[in-house]
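work.cif follows (mmCIF, C-alpha atoms):
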data_final
#
loop_
_atom_site.label_atom_id
_atom_site.label_comp_id
_atom_site.auth_asym_id
_atom_site.auth_seq_id
_atom_site.Cartn_x
_atom_site.Cartn_y
_atom_site.Cartn_z
CA MET A 465 -69.85 66.63 4.26
CA ALA A 466 -73.19 66.33 6.06
CA LYS A 467 -73.44 67.76 9.56
CA MET A 468 -73.84 64.50 11.46
CA TYR A 469 -73.42 65.80 15.00
CA HIS A 470 -74.24 68.97 16.88
CA LYS A 471 -72.77 70.28 20.12
CA GLU A 472 -74.67 69.75 23.37
CA LYS A 473 -74.26 71.42 26.75
CA SER A 474 -70.82 70.63 28.22
CA ILE A 475 -70.36 68.89 31.56
CA GLN A 476 -68.14 70.75 34.01
CA ILE A 477 -65.47 68.77 35.88
CA LYS A 478 -63.72 69.68 39.14
CA SER A 479 -60.20 69.79 37.69
CA SER A 480 -58.87 69.88 34.13
CA ALA A 481 -57.79 66.91 32.02
CA SER A 482 -54.13 65.86 32.03
CA ALA A 483 -52.42 65.24 28.68
CA LEU A 484 -52.70 61.44 28.81
CA TYR A 485 -53.69 58.99 26.09
CA ASN A 486 -57.34 57.88 26.18
CA ASN A 487 -58.15 60.31 29.01
CA LEU A 488 -61.89 59.72 29.09
CA SER A 489 -63.94 56.72 30.11
CA ILE A 490 -67.72 56.37 29.89
CA LEU A 491 -70.16 53.89 31.42
CA ARG A 492 -73.86 53.89 30.56
CA ILE A 493 -76.20 52.73 33.34
CA ALA A 494 -79.33 52.24 31.22
CA PRO A 495 -81.70 51.01 33.99
CA ARG A 496 -81.01 54.22 35.94
CA CYS A 497 -80.86 56.52 32.87
CA LEU A 498 -77.40 57.68 33.95
CA THR A 499 -74.02 58.00 32.30
CA TYR A 500 -70.77 58.02 34.29
CA PHE A 501 -67.70 59.87 33.00
CA THR A 502 -64.13 59.83 34.33
CA VAL A 503 -61.27 62.19 33.48
CA VAL A 504 -57.79 62.03 35.06
CA HIS A 505 -56.12 65.15 36.47
CA ALA A 506 -52.62 64.54 37.92
CA ASN A 507 -53.23 62.40 41.04
CA VAL A 508 -57.05 62.45 41.05
CA VAL A 509 -59.83 61.06 38.91
CA ASN A 510 -62.79 63.36 38.29
CA MET A 511 -65.95 61.28 38.16
CA VAL A 512 -69.29 62.71 37.05
CA SER A 513 -72.64 60.99 37.06
CA ALA A 514 -75.03 62.68 34.60
CA SER A 515 -78.73 61.97 34.24
CA TRP A 516 -79.95 61.57 30.64
CA ASP A 517 -82.44 64.44 31.01
CA GLY A 518 -79.49 66.76 31.72
CA LEU A 519 -80.94 67.91 35.05
CA ASN A 520 -78.81 66.06 37.60
CA TYR A 521 -75.03 65.90 37.93
CA SER A 522 -73.10 64.49 40.85
CA HIS A 523 -69.34 64.67 41.27
CA ARG A 524 -66.79 62.49 43.03
CA GLN A 525 -63.00 62.64 43.08
CA LEU A 526 -60.91 59.51 43.57
CA GLN A 527 -57.37 59.90 44.86
CA SER A 528 -54.35 57.87 43.85
CA LYS A 529 -53.54 55.46 46.67
CA GLU A 530 -50.78 53.24 47.93
CA GLY A 531 -52.60 50.39 49.60
CA ASN A 532 -55.35 52.09 51.56
CA VAL A 533 -53.41 55.32 52.08
CA ALA A 534 -54.05 58.28 49.80
CA THR A 535 -50.77 59.43 48.25
CA SER A 536 -50.57 62.90 46.80
CA SER A 537 -47.40 62.19 44.84
CA SER A 538 -48.39 59.28 42.62
CA LEU A 539 -49.67 60.34 39.19
CA ILE A 540 -52.62 58.46 37.73
CA MET A 541 -52.02 57.28 34.17
CA GLN A 542 -55.50 56.02 33.26
CA ALA A 543 -58.99 55.34 34.57
CA ALA A 544 -61.38 53.00 32.76
CA TRP A 545 -64.51 51.01 33.46
CA CYS A 546 -64.27 47.28 32.91
CA VAL A 547 -67.59 45.69 32.02
CA LEU A 548 -67.76 41.97 32.79
CA PRO A 549 -70.94 39.86 32.52
CA SER A 550 -71.39 39.70 36.29
CA ARG A 551 -70.10 43.11 37.41
CA ASP A 552 -68.62 46.44 36.37
CA LEU A 553 -65.43 47.74 37.99
CA LEU A 554 -63.65 51.08 37.71
CA VAL A 555 -59.89 50.51 37.32
CA LEU A 556 -57.27 53.19 38.04
CA THR A 557 -53.61 52.77 37.10
CA SER A 558 -50.85 54.89 38.61
CA GLN A 559 -47.13 55.06 39.29
CA LYS A 560 -47.66 53.00 42.44
CA GLY A 561 -50.16 50.37 41.45
CA ILE A 562 -53.62 49.34 40.31
CA GLN A 563 -56.82 50.32 42.14
CA MET A 564 -60.13 48.58 41.39
CA TYR A 565 -63.39 50.11 42.60
CA GLU A 566 -67.07 49.30 42.50
CA SER A 567 -68.36 51.01 39.37
CA ASP A 568 -69.75 54.05 41.22
CA GLY A 569 -66.36 54.70 42.82
CA SER A 570 -67.72 54.12 46.34
CA ILE A 571 -65.55 51.21 47.51
CA MET A 572 -62.05 50.11 46.58
CA VAL A 573 -62.25 46.34 46.25
CA TYR A 574 -58.69 45.55 45.22
CA TRP A 575 -55.20 47.01 45.28
CA HIS A 576 -52.17 45.66 43.43
CA ALA A 577 -48.77 47.24 44.15
CA LEU A 578 -46.31 47.55 41.28
CA ASP A 579 -42.81 46.16 41.73
CA THR A 580 -40.68 49.23 42.23
CA PRO A 581 -36.91 48.85 41.85
CA GLU A 582 -34.87 48.98 45.08
CA THR A 583 -32.53 51.55 43.52
CA PRO A 584 -33.97 54.45 41.54
CA THR A 585 -33.67 53.86 37.79
CA ALA A 586 -33.98 56.21 34.86
CA LYS A 587 -37.10 54.36 33.74
CA ALA A 588 -40.43 55.42 35.23
CA VAL A 589 -42.61 52.74 36.75
CA PHE A 590 -46.34 52.86 36.06
CA ALA A 591 -49.35 50.85 34.92
CA ARG A 592 -51.32 51.86 31.80
CA GLY A 593 -53.66 50.05 29.42
CA ILE A 594 -56.84 48.48 30.83
CA ALA A 595 -59.22 45.93 29.27
CA ALA A 596 -61.96 43.58 30.45
CA VAL A 597 -61.76 40.27 28.59
CA ARG A 598 -64.49 37.63 28.24
CA GLU A 599 -66.19 36.35 31.39
CA LYS A 600 -63.80 37.13 34.19
CA TYR A 601 -60.50 38.72 33.23
CA ILE A 602 -59.20 42.24 33.63
CA CYS A 603 -55.88 42.87 31.88
CA VAL A 604 -53.59 45.77 32.81
CA GLY A 605 -50.36 46.84 31.14
CA VAL A 606 -47.16 47.89 32.90
CA SER A 607 -44.25 50.16 31.93
CA SER A 608 -41.89 47.14 31.82
CA GLY A 609 -43.95 45.74 28.93
CA SER A 610 -45.65 43.08 31.03
CA VAL A 611 -49.41 42.49 30.81
CA LEU A 612 -51.01 41.48 34.11
CA VAL A 613 -54.05 39.21 33.91
CA PHE A 614 -56.41 39.40 36.88
CA ASP A 615 -59.09 36.78 37.55
CA VAL A 616 -62.18 38.57 38.88
CA PRO A 617 -64.87 36.68 40.82
CA SER A 618 -68.53 37.52 40.13
CA LYS A 619 -68.66 39.32 43.49
CA GLY A 620 -66.42 40.18 46.40
CA SER A 621 -62.81 41.25 46.56
CA ASN A 622 -61.02 37.94 46.04
CA ILE A 623 -59.37 39.16 42.83
CA THR A 624 -56.17 37.30 41.95
CA LEU A 625 -53.25 37.89 39.60
CA SER A 626 -53.54 34.76 37.47
CA GLU A 627 -50.90 35.30 34.79
CA VAL A 628 -48.22 37.71 33.55
CA LEU A 629 -47.77 37.96 29.77
CA GLU A 630 -44.20 38.84 28.73
CA GLU A 631 -44.06 39.66 25.01
CA HIS A 632 -43.59 43.43 24.89
CA LYS A 633 -40.20 45.02 25.49
CA GLU A 634 -41.51 48.61 25.81
CA ALA A 635 -44.10 50.24 28.06
CA ILE A 636 -47.68 49.23 27.35
CA THR A 637 -49.69 52.16 25.98
CA ASP A 638 -53.18 50.69 25.55
CA MET A 639 -55.18 47.47 25.43
CA ALA A 640 -58.53 46.48 24.03
CA SER A 641 -60.80 43.45 23.96
CA GLU A 642 -63.00 42.28 21.08
CA CYS A 643 -65.99 44.61 21.32
CA SER A 644 -68.35 43.34 18.62
CA GLY A 645 -69.84 40.57 20.76
CA ASN A 646 -69.05 38.13 17.95
CA LEU A 647 -68.06 34.91 19.73
CA GLU A 648 -66.60 33.40 16.55
CA CYS A 649 -63.66 35.80 16.65
CA ILE A 650 -60.55 33.87 17.69
CA ALA A 651 -58.66 36.87 19.01
CA ASP A 652 -60.09 38.58 22.06
CA LEU A 653 -57.34 40.93 23.27
CA VAL A 654 -54.83 43.26 21.67
CA SER A 655 -52.02 45.04 23.52
CA ALA A 656 -49.93 47.94 22.19
CA ASP A 657 -46.66 49.49 23.30
CA ASP A 658 -44.43 52.55 22.95
CA SER A 659 -42.53 51.06 20.00
CA GLY A 660 -45.77 50.50 18.09
CA ARG A 661 -45.66 46.73 18.47
CA LEU A 662 -49.06 45.01 18.75
CA CYS A 663 -49.68 41.61 20.33
CA VAL A 664 -52.89 39.72 19.62
CA TRP A 665 -54.11 37.22 22.22
CA LYS A 666 -56.67 34.51 22.82
CA SER A 667 -57.83 34.48 26.43
CA GLY A 668 -58.35 31.46 28.67
CA GLU A 669 -56.84 29.78 31.71
CA ASP A 670 -53.60 30.38 29.83
CA PHE A 671 -53.60 33.31 27.40
CA GLN A 672 -52.19 32.36 23.98
CA LEU A 673 -50.20 34.73 21.80
CA LEU A 674 -51.79 34.51 18.33
CA ASN A 675 -49.73 37.12 16.54
CA LYS A 676 -47.13 39.85 16.91
CA ILE A 677 -47.50 42.80 14.55
CA PRO A 678 -44.23 44.74 14.38
CA GLY A 679 -44.11 48.43 15.17
CA PHE A 680 -42.17 50.98 13.17
CA ASP A 681 -40.52 53.00 15.94
CA THR A 682 -43.48 55.24 16.63
CA SER A 683 -45.76 54.82 19.60
CA CYS A 684 -49.18 53.21 19.20
CA SER A 685 -51.17 55.39 21.56
CA SER A 686 -54.62 53.85 21.19
CA VAL A 687 -55.92 50.50 19.95
CA LYS A 688 -59.29 48.79 19.37
CA LEU A 689 -60.41 45.29 18.32
CA TRP A 690 -63.61 44.88 16.30
CA LYS A 691 -64.77 41.79 14.38
CA GLY A 692 -61.24 40.41 14.43
CA THR A 693 -59.74 43.64 13.06
CA VAL A 694 -57.13 45.59 15.03
CA ILE A 695 -57.55 49.37 14.70
CA ALA A 696 -54.41 51.19 15.83
CA GLY A 697 -53.67 54.92 16.16
CA TYR A 698 -50.10 56.22 16.16
CA GLY A 699 -47.92 59.17 17.08
CA THR A 700 -47.56 59.85 13.34
CA GLY A 701 -51.28 60.67 13.12
CA GLN A 702 -51.89 57.48 11.14
CA ILE A 703 -54.60 54.88 11.71
CA ARG A 704 -53.82 51.33 10.60
CA LEU A 705 -56.28 48.44 10.24
CA TYR A 706 -54.83 44.95 10.55
CA GLU A 707 -56.42 41.54 10.45
CA GLY A 708 -55.61 40.44 14.01
CA VAL A 709 -54.82 36.78 13.51
CA THR A 710 -52.74 37.10 10.32
CA GLY A 711 -51.36 40.63 10.73
CA ILE A 712 -52.35 41.53 7.15
CA LEU A 713 -52.57 45.32 6.73
CA HIS A 714 -56.04 46.15 5.33
CA ALA A 715 -55.85 49.94 5.37
CA GLU A 716 -53.63 52.83 6.36
CA VAL A 717 -55.04 56.34 6.74
CA ASN A 718 -53.20 59.61 7.32
CA ALA A 719 -55.94 60.66 9.70
CA HIS A 720 -54.35 63.50 11.68
CA ALA A 721 -51.54 66.03 11.39
CA ARG A 722 -50.29 65.28 14.89
CA TRP A 723 -50.18 62.62 17.58
CA ILE A 724 -53.38 60.55 17.96
CA TYR A 725 -54.47 60.39 21.60
CA SER A 726 -57.70 58.44 21.46
CA LEU A 727 -59.70 55.97 19.35
CA ASP A 728 -63.10 54.51 20.09
CA ILE A 729 -65.53 52.30 18.21
CA ALA A 730 -69.31 52.00 18.34
CA PRO A 731 -69.55 48.20 18.07
CA PHE A 732 -73.12 47.97 16.73
CA THR A 733 -72.63 50.37 13.79
CA GLY A 734 -68.90 50.22 13.09
CA LEU A 735 -68.44 53.95 13.62
CA LEU A 736 -64.88 54.83 14.65
CA ILE A 737 -63.81 58.06 16.33
CA SER A 738 -60.24 59.38 16.30
CA ALA A 739 -58.94 62.41 18.17
CA ALA A 740 -55.54 64.05 18.22
CA GLU A 741 -53.27 66.84 19.37
CA ASP A 742 -54.18 68.70 16.16
CA SER A 743 -57.61 69.74 17.64
CA TRP A 744 -59.56 67.51 15.26
CA VAL A 745 -62.06 64.79 16.05
CA ARG A 746 -62.90 62.60 13.07
CA VAL A 747 -65.64 60.01 12.69
CA TRP A 748 -65.13 57.10 10.29
CA HIS A 749 -67.24 54.14 9.25
CA LEU A 750 -65.82 50.62 9.16
CA SER A 751 -67.47 47.90 7.11
CA LEU A 752 -66.63 44.34 6.16
CA ALA A 753 -66.33 43.86 2.40
CA ALA A 754 -68.20 40.59 1.78
CA GLU A 755 -66.17 39.44 -1.22
CA THR A 756 -62.71 40.01 0.28
CA ASN A 757 -63.70 39.74 3.98
CA SER A 758 -61.42 42.70 4.63
CA VAL A 759 -62.37 45.82 6.55
CA GLU A 760 -62.85 49.08 4.67
CA ILE A 761 -62.76 52.54 6.23
CA GLU A 762 -64.71 55.59 5.08
CA HIS A 763 -64.42 59.16 6.40
CA MET A 764 -67.77 60.49 7.66
CA TYR A 765 -67.40 63.60 9.82
CA ASN A 766 -65.01 66.21 11.25
CA GLU A 767 -65.21 68.43 14.30
CA CYS A 768 -62.56 70.96 15.28
CA VAL A 769 -62.24 71.80 18.99
CA THR A 770 -60.37 75.06 18.51
CA ASP A 771 -56.99 75.49 20.23
CA THR A 772 -57.42 72.23 22.14
CA GLN A 773 -55.02 69.34 22.42
CA ILE A 774 -57.62 66.57 22.54
CA CYS A 775 -56.72 63.73 24.89
CA GLY A 776 -59.95 61.74 25.15
CA ALA A 777 -62.80 60.90 22.77
CA LYS A 778 -65.42 58.24 23.41
CA PHE A 779 -68.83 57.30 22.08
CA CYS A 780 -71.55 57.53 24.72
CA ASP A 781 -73.41 54.46 23.41
CA GLY A 782 -72.90 51.36 21.26
CA ASP A 783 -74.46 52.93 18.15
CA GLY A 784 -72.30 56.06 18.06
CA TYR A 785 -75.34 58.31 18.44
CA ALA A 786 -73.38 60.64 20.74
CA PHE A 787 -69.74 61.18 21.65
CA ALA A 788 -67.78 63.14 24.25
CA VAL A 789 -64.36 64.81 24.13
CA THR A 790 -61.80 65.99 26.69
CA GLY A 791 -58.86 68.31 26.09
CA TYR A 792 -55.66 69.13 27.91
CA ASP A 793 -56.28 71.84 30.51
CA LEU A 794 -60.04 71.93 29.81
CA SER A 795 -62.30 71.67 32.89
CA GLU A 796 -65.23 70.36 30.89
CA ILE A 797 -66.38 67.37 28.91
CA ILE A 798 -67.68 68.48 25.50
CA ARG A 799 -70.59 66.46 24.12
CA TYR A 800 -71.94 66.00 20.59
CA THR A 801 -75.15 64.26 19.52
CA GLN A 802 -76.29 63.17 16.06
CA ALA A 803 -78.35 65.89 14.40
#

Would you put the structure from the file into structure tokens?
Amino acid sequence: MAKMYHKEKSIQIKSSASALYNNLSILRIAPRCLTYFTVVHANVVNMVSASWDGLNYSHRQLQSKEGNVATSSSLIMQAAWCVLPSRDLLVLTSQKGIQMYESDGSIMVYWHALDTPETPTAKAVFARGIAAVREKYICVGVSSGSVLVFDVPSKGSNITLSEVLEEHKEAITDMASECSGNLECIADLVSADDSGRLCVWKSGEDFQLLNKIPGFDTSCSSVKLWKGTVIAGYGTGQIRLYEGVTGILHAEVNAHARWIYSLDIAPFTGLLISAAEDSWVRVWHLSLAAETNSVEIEHMYNECVTDTQICGAKFCDGDGYAFAVTGYDLSEIIRYTQA
């Protein structure tokens, strides 16, 4: 197998990565030749701004909050940038609520408190699963199985909860919006839960459920949506490719020996990255077969991050020219670039 990628200099972070699904988010700021990275550690988010020449790094830590008060106790479940046509926001989900920041982490523009039960229950309360959808929506999953739809104005803090989608019975694990930029795709959001169930949605003033794809009693930890195809990674180490609207299974790959923690797709090239507890990062290529109109998957590349439970893997750009990886207890972001 050709050596597609080589290792670059790692980026140090202030505190190590927690063992959370999809524990890495990346935002490219092309006009400023910068890339932002976030990695969650317990109740803080490590944010690094890195210049493309590799000479300048600046660090910021965001704390989990309850309203405007920093709370040390509330664990953060996920941090992800949401890119909308008019603005980019950094969204943090925790056991207490949802924090939305300006993309550089400087100002919190919105806080949404989660409904916590009056009496303590056995079930944990948290938000997890973050996706920007179409022009103005940010969708966030909750441990009850609800999906919260926020309507985001082009500027300012007048963000409103516009709808709550109630189809999942288990905690939301991940969500993704159609990333190919193809406006002909009917489906533009997929949500996944702890039972492996997938729901496929069409956004709008009222979100429509297009399809429910049953789970098989194993968690779907990471999900993507590309050219109408749902790409789902599971606790079994499998990746499954479904046609979103019909639920037809196009491919099933035994990709990893252990739990998959992260998937990402480079929308312009169809490169897919998968990363798991088994220390392996794998790069795949997705293509649409013209005659059958189904998606095919081909294995391209492997990288072993020795003795590391990988918890985040993301491409640094839309072509898949570079990717970055985080691992449980590692205080660095490891980067690879195409050779």

Got a sec to check which residues sit within 12 Å of (-50.7, 58.9, 42.3), counting all atoms listed in the file, and write them as a PDB file with C-alpha atoms, keeping the file's coordinate frame?
ATOM      1  CA  VAL A 504     -57.790  62.030  35.060  1.00  0.00           C
ATOM      2  CA  HIS A 505     -56.120  65.150  36.470  1.00  0.00           C
ATOM      3  CA  ALA A 506     -52.620  64.540  37.920  1.00  0.00           C
ATOM      4  CA  ASN A 507     -53.230  62.400  41.040  1.00  0.00           C
ATOM      5  CA  VAL A 508     -57.050  62.450  41.050  1.00  0.00           C
ATOM      6  CA  VAL A 509     -59.830  61.060  38.910  1.00  0.00           C
ATOM      7  CA  LEU A 526     -60.910  59.510  43.570  1.00  0.00           C
ATOM      8  CA  GLN A 527     -57.370  59.900  44.860  1.00  0.00           C
ATOM      9  CA  SER A 528     -54.350  57.870  43.850  1.00  0.00           C
ATOM     10  CA  LYS A 529     -53.540  55.460  46.670  1.00  0.00           C
ATOM     11  CA  GLU A 530     -50.780  53.240  47.930  1.00  0.00           C
ATOM     12  CA  GLY A 531     -52.600  50.390  49.600  1.00  0.00           C
ATOM     13  CA  VAL A 533     -53.410  55.320  52.080  1.00  0.00           C
ATOM     14  CA  ALA A 534     -54.050  58.280  49.800  1.00  0.00           C
ATOM     15  CA  THR A 535     -50.770  59.430  48.250  1.00  0.00           C
ATOM     16  CA  SER A 536     -50.570  62.900  46.800  1.00  0.00           C
ATOM     17  CA  SER A 537     -47.400  62.190  44.840  1.00  0.00           C
ATOM     18  CA  SER A 538     -48.390  59.280  42.620  1.00  0.00           C
ATOM     19  CA  LEU A 539     -49.670  60.340  39.190  1.00  0.00           C
ATOM     20  CA  ILE A 540     -52.620  58.460  37.730  1.00  0.00           C
ATOM     21  CA  MET A 541     -52.020  57.280  34.170  1.00  0.00           C
ATOM     22  CA  GLN A 542     -55.500  56.020  33.260  1.00  0.00           C
ATOM     23  CA  ALA A 543     -58.990  55.340  34.570  1.00  0.00           C
ATOM     24  CA  LEU A 556     -57.270  53.190  38.040  1.00  0.00           C
ATOM     25  CA  THR A 557     -53.610  52.770  37.100  1.00  0.00           C
ATOM     26  CA  SER A 558     -50.850  54.890  38.610  1.00  0.00           C
ATOM     27  CA  GLN A 559     -47.130  55.060  39.290  1.00  0.00           C
ATOM     28  CA  LYS A 560     -47.660  53.000  42.440  1.00  0.00           C
ATOM     29  CA  GLY A 561     -50.160  50.370  41.450  1.00  0.00           C
ATOM     30  CA  ILE A 562     -53.620  49.340  40.310  1.00  0.00           C
ATOM     31  CA  GLN A 563     -56.820  50.320  42.140  1.00  0.00           C
ATOM     32  CA  ALA A 577     -48.770  47.240  44.150  1.00  0.00           C
ATOM     33  CA  VAL A 589     -42.610  52.740  36.750  1.00  0.00           C
ATOM     34  CA  PHE A 590     -46.340  52.860  36.060  1.00  0.00           C
ATOM     35  CA  ALA A 591     -49.350  50.850  34.920  1.00  0.00           C
TER      36      ALA A 591
END

TODO: Enumerate, as a list in words, the residues matched when the PyMOL selection byres ((chain A and resi 695) around 6) is run on the file above.
DONE: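 Matching residues under the PyMOL selection byres ((chain A and resi 695) around 6) are Val687, Lys688, Val694, Ala696, Arg704 and Leu705 of chain A.
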
query: Distance CA of Leu519 (chain A)-CA of Tyr500 (chain A), one decimal place?
result: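 Between CA of Leu519 (chain A) and CA of Tyr500 (chain A) the gap works out to 14.2 Å.
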
Restricting to only C-alpha atoms, whichever of A:Leu673, A:Ile729, A:Ile636, A:Leu647 is closest to Asp783 (chain A) is A:Ile729

Problem set entry | Interatomic distance, CA of Glu634 (chain A) to CA of His720 (chain A) (Å, one decimal) |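 Separating CA of Glu634 (chain A) from CA of His720 (chain A) is a distance of 24.2 Å.
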
Running the PyMOL selection byres ((chain A and resi 600) around 12) on this model by hand, what would come out? Give it as JSON, numbers by chain. {"A": [546, 547, 548, 549, 550, 551, 552, 553, 595, 596, 597, 598, 599, 601, 602, 603, 613, 614, 615, 616, 617, 618, 619, 623, 624, 625, 626, 667, 668, 669]}

Do you know which residues the PyMOL selection byres ((chain A and resi 681) around 12) returns on this file, as a ChimeraX atom specification?
-> /A:634,657-661,678-680,682-684,698-700

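Interatomic distance, CA of Ala635 (chain A) to CA of Gly605 (chain A): 7.8 Å.
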
7 Å contact set for His470 (chain A), all atoms listed in the file, chain neighbours under 6 positions out, as an MDAnalysis selection string: chainID A and resid 800:803

Q | Close residues, Ser644 (chain A) itself excluded, 6 Å, only C-alpha atoms, min 3 positions apart in chain, as a list in words | A |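 Final neighbour list, sorted by chain and number: Trp690, Lys691 and Pro731 of chain A.
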
Draw an axis-aligned box tight on the listed atoms of region 780-798 of chain A, then pad every side by 8 Å and write out centre and edge lengths in Å to one decimal as lines of an AutoDock Vina configuration file.
center_x = -65.5
center_y = 61.6
center_z = 25.5
size_x = 35.7
size_y = 36.6
size_z = 30.8

With distances taken over all atoms listed in the file, the candidate from A:Lys478, A:Gly782, A:Ala588, A:Ala777 nearest Arg799 (chain A) is A:Ala777

- Query: Which one of A:Asn532, A:Ser758, A:Ser474, A:Asn486 sits closest to Thr693 (chain A) if you count only C-alpha atoms?
  - Reply: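 Among the listed residues, the smallest separation from Thr693 (chain A) belongs to A:Ser758.
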
In terms of all atoms listed in the file, the residue from A:Val503, A:Ile798, A:Leu713, A:Ala481 at minimal distance from Val745 (chain A) is A:Ile798

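For the set A:Tyr565, A:Trp748, A:Trp665, A:Phe671, the residue with the smallest atom-to-atom gap to Ser641 (chain A) is A:Trp665, counting only C-alpha atoms.
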
Residues within 8 Å of Ala544 (chain A), only C-alpha atoms, excluding chain neighbours under 2 positions, as a PyMOL selection string: chain A and resi 488-490+502+542+546+554-556+594

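Of the residues listed (A:Gly518, A:Gly784, A:Gly593, A:Gly620), A:Gly784 shows the shortest atom-to-atom separation from Phe732 (chain A); distances use all atoms listed in the file.
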
Exercise: Cys663 (chain A) partners within 8 Å, all atoms listed in the file, chain neighbours under 5 positions left out, as a ChimeraX atom specification: /A:631-632,654-656,673-677

Using only C-alpha atoms, please write the residues we just selected to a file, as a compact mmCIF listing (two decimals), keeping the file's coordinate frame.
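Output below, filename result.txt:
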# COMPACT_ATOMS: atom_id res chain seq x y z
CA GLU A 631 -44.06 39.66 25.01
CA HIS A 632 -43.59 43.43 24.89
CA VAL A 654 -54.83 43.26 21.67
CA SER A 655 -52.02 45.04 23.52
CA ALA A 656 -49.93 47.94 22.19
CA LEU A 673 -50.20 34.73 21.80
CA LEU A 674 -51.79 34.51 18.33
CA ASN A 675 -49.73 37.12 16.54
CA LYS A 676 -47.13 39.85 16.91
CA ILE A 677 -47.50 42.80 14.55
